[in-house]
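Chemist: This is the structure, below, for whatever I ask next.
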Amino acid sequence: MATPAQETQRIASPLISIREVRKSYQLEEIQVDALRGVDLEIESGEFVALVGASGSGKSTLMNTLGCLDRPTSGSYRLAGHEIVTMNRDQRAKIRNQQIGFVFQNFNLLNRTSALENVELPLLYQQGMTRSQRRERASNLLDRVGLGDRKSHHPGQLSGGQQQRVAVARALVNEPSILLGDEPTGNLDSKTSRDVIQLFGELNERDAITIILVTHDPEVARAAKRQVVLRDGMIVCDTTNFREAFEALRINAEPVDQEDQ
Ligand code: ADP
Ligand code: MG
């Protein structure tokens with residue numbers, strides 16, 4: 001049981017607090033430092049885009065935030081709980097309570113209806129009847145604008161509609177945070193805009209904290225805050241999209257002739 005002082009601390013602390021997080025991979029003789037001392041705080045209700053060149057550590061940071069992976073060192077507190085010292089089962093439990101994921105490839109089950117896809121995570125939840133699960137999933141499909149596509153299979157839906165199903169599925173356990181690694185990476189620009197708009201609505205209307213990894217400037221611009229990674233470190237953390245864009249541009253600049 002938490003003491004009253006610990007409880008106050010928990011309530012006062014931000015939803016996400018990352019301190020001096022490092023992540024190294026050992027590949028035979030070579031050590032790869034994917035994260036090299038990351039500090040990041042995210043409050044409940046924020047909409048954050050993680051951007052940076054390929055290999056800068058975005059997915060590693062996302063997997064850390066999503067409690068899928070443990071950092072090599074440092075601290076990650078999620079909703080007041082220290083994740084770094086948790087075992088796999090403890091991390092799975094807090095992940096299920098707090099986090100919904102969307103993926104670039106949607107990751108839907110193909111031979112299953114939209115409704116059943118959204119219902120699926122609820123099968124692991126004790127104490128819900130079949131009709132309660134149906135109702136929750138059905139309401140979420142209405143919420144993402146697919147009320148008339150509930151019995152369609154993924155193959156009968158467009159890419160944008162499939163990603164909406166995936167968003168509904170990510171929200172079915174009522175998480176506080178929605179995480180996406182390149183969620184518009186497989187969508188054309190028009191469809192991508194629709195999905196970005198959905199993220200914006202979920203953030204504004206439903207106060208869901210959203211953190212997206214993206215290559216797409218349109219997605220980064222839609223976020224309220226941009227965090228730029230370079231070589232495993234945060235080099236820019238801003239609410240001014242132009243500033244983030246500048247930091248990205250510097251990132252991509254070729255090395256000076258004299259330095260070569
Ligand atoms: P990004 O998502 O920004 O492209 P990643 O987080 O995937 O970057 O990777 C950061 C660095 O860590 C890269 O150099 C990558 O090669 C390395 N890396 C990522 N995952 C592993 C792994 N499982 N084993 C070894 N190296 C990895
Ligand atoms: Mg990546």
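Just remember, in the structure tokens the first chain shown is A, the second B, etc., residues are 1-based per chain, and ligands are 1-based in the order shown.
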Applying 10 Å and only C-alpha atoms, which residues near region 165-174 of chain A remain after dropping the ones on its own chain fewer than 4 positions away? List them as a ChimeraX atom specification.

Modeler: /A:96-103,105-108,113-122,125,133,136-146,149-150,154,157,159-161,178-180,183,195,198-199,202,208

Chemist: Residues within 6 Å of ligand 1 should be enumerated using only C-alpha atoms and all ligand atoms and returned as a ChimeraX atom specification.

Modeler: /A:25,32,34,54-60

Chemist: Print the selection's residues with C-alpha atoms to a file, as a CSV table (one decimal), in the first residue's frame.

Modeler:
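Once written, again-v4.csv looks like this:
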chain,number,residue,atom,x,y,z
A,25,TYR,CA,22.2,-3.2,-27.6
A,32,VAL,CA,24.9,0.1,-30.2
A,34,ALA,CA,20.2,3.6,-29.2
A,54,SER,CA,16.1,6.9,-39.4
A,55,GLY,CA,18.2,5.2,-36.6
A,56,SER,CA,17.9,8.2,-34.3
A,57,GLY,CA,16.1,6.1,-31.6
A,58,LYS,CA,12.5,6.9,-32.1
A,59,SER,CA,11.2,3.3,-32.1
A,60,THR,CA,13.4,2.4,-29.1

Chemist: Tell me, in Å to one decimal, how far CA of Val21 (chain A) is from CA of Leu65 (chain A).

Modeler: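 Spanning CA of Val21 (chain A) to CA of Leu65 (chain A) is a straight-line distance of 10.8 Å.
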
Chemist: As an exercise, work out the distance from CA of Glu20 (chain A) to CA of Leu78 (chain A) in Å and give it to one decimal place.

Modeler: 14.9 Å

Chemist: Considering only C-alpha atoms and all ligand atoms, can you say which of A:Ile42, A:Val213, A:Ile30, A:Met128 comes closest to ligand 2?

Modeler: A:Val213

Chemist: Using only C-alpha atoms and all ligand atoms for the distances, tell me which of A:Gln156, A:Thr184, A:Gln31, A:Thr214 is nearest to ligand 2.

Modeler: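 Among the listed residues, the smallest separation from ligand 2 belongs to A:Thr214.
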
Chemist: Quick check for you: according to DSSP on this backbone, which residues of region 15-51 of chain A are classed as strand (DSSP E or B)? Reply as a VMD selection string.

Modeler: chain A and resid 16 to 27 30 to 42 47 to 51

Chemist: For each of A:Glu41, A:Ala222, A:Leu123, A:Asp181, take the minimum atom-to-atom distance to Glu201 (chain A), counting only C-alpha atoms, then give the residue where this is smallest.

Modeler: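 When distances to Glu201 (chain A) are compared using only C-alpha atoms, the smallest one comes from A:Ala222.
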
Chemist: Rounded to one decimal in Å, what is the spacing between CA of Leu212 (chain A) and CA of Gly200 (chain A)?

Modeler: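 Separation between CA of Leu212 (chain A) and CA of Gly200 (chain A): 11.6 Å.
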
Chemist: Can you tell me which residues surround Ala247 (chain A) at a distance of at most 12 Å, considering only C-alpha atoms, apart from same-chain residues fewer than 2 positions away, and format the answer as a compact mmCIF listing (two decimals) with C-alpha atoms, in the first residue's frame?

Modeler:
# COMPACT_ATOMS: atom_id res chain seq x y z
CA VAL A 51 10.57 12.92 -35.07
CA GLY A 52 14.12 12.33 -36.27
CA ALA A 53 16.15 10.62 -38.96
CA GLN A 226 7.40 18.12 -31.31
CA VAL A 227 10.32 16.21 -29.84
CA VAL A 228 13.29 15.80 -32.19
CA LEU A 229 15.75 12.94 -31.68
CA ARG A 230 19.26 12.75 -33.07
CA ILE A 234 16.62 14.82 -27.69
CA VAL A 235 17.99 17.84 -29.56
CA CYS A 236 14.80 19.89 -29.73
CA ASP A 237 11.60 19.84 -27.66
CA THR A 238 9.20 22.53 -28.78
CA ASN A 240 6.72 25.58 -32.36
CA PHE A 241 6.58 23.31 -35.39
CA ARG A 242 8.95 25.55 -37.42
CA GLU A 243 11.62 25.16 -34.76
CA ALA A 244 11.30 21.37 -34.92
CA PHE A 245 11.40 21.52 -38.70
CA ARG A 249 16.74 20.12 -41.45
CA ILE A 250 20.04 20.68 -39.61
CA ASN A 251 19.91 16.98 -38.85
CA ALA A 252 19.79 16.08 -42.51
CA GLU A 253 22.47 18.54 -43.67

Chemist: Would you mind listing what lies within 9 Å of Leu68 (chain A) as a list in words, with only C-alpha atoms counted and same-chain residues fewer than 2 positions away left out?

Modeler: Met62, Asn63, Thr64, Leu65, Gly66, Arg70, Arg88, Arg91, Ala92 and Arg95 of chain A

Chemist: Closest to Arg225 (chain A) among A:Gly45, A:Gly37, A:Gly147, A:Pro14, using only C-alpha atoms?

Modeler: A:Gly45
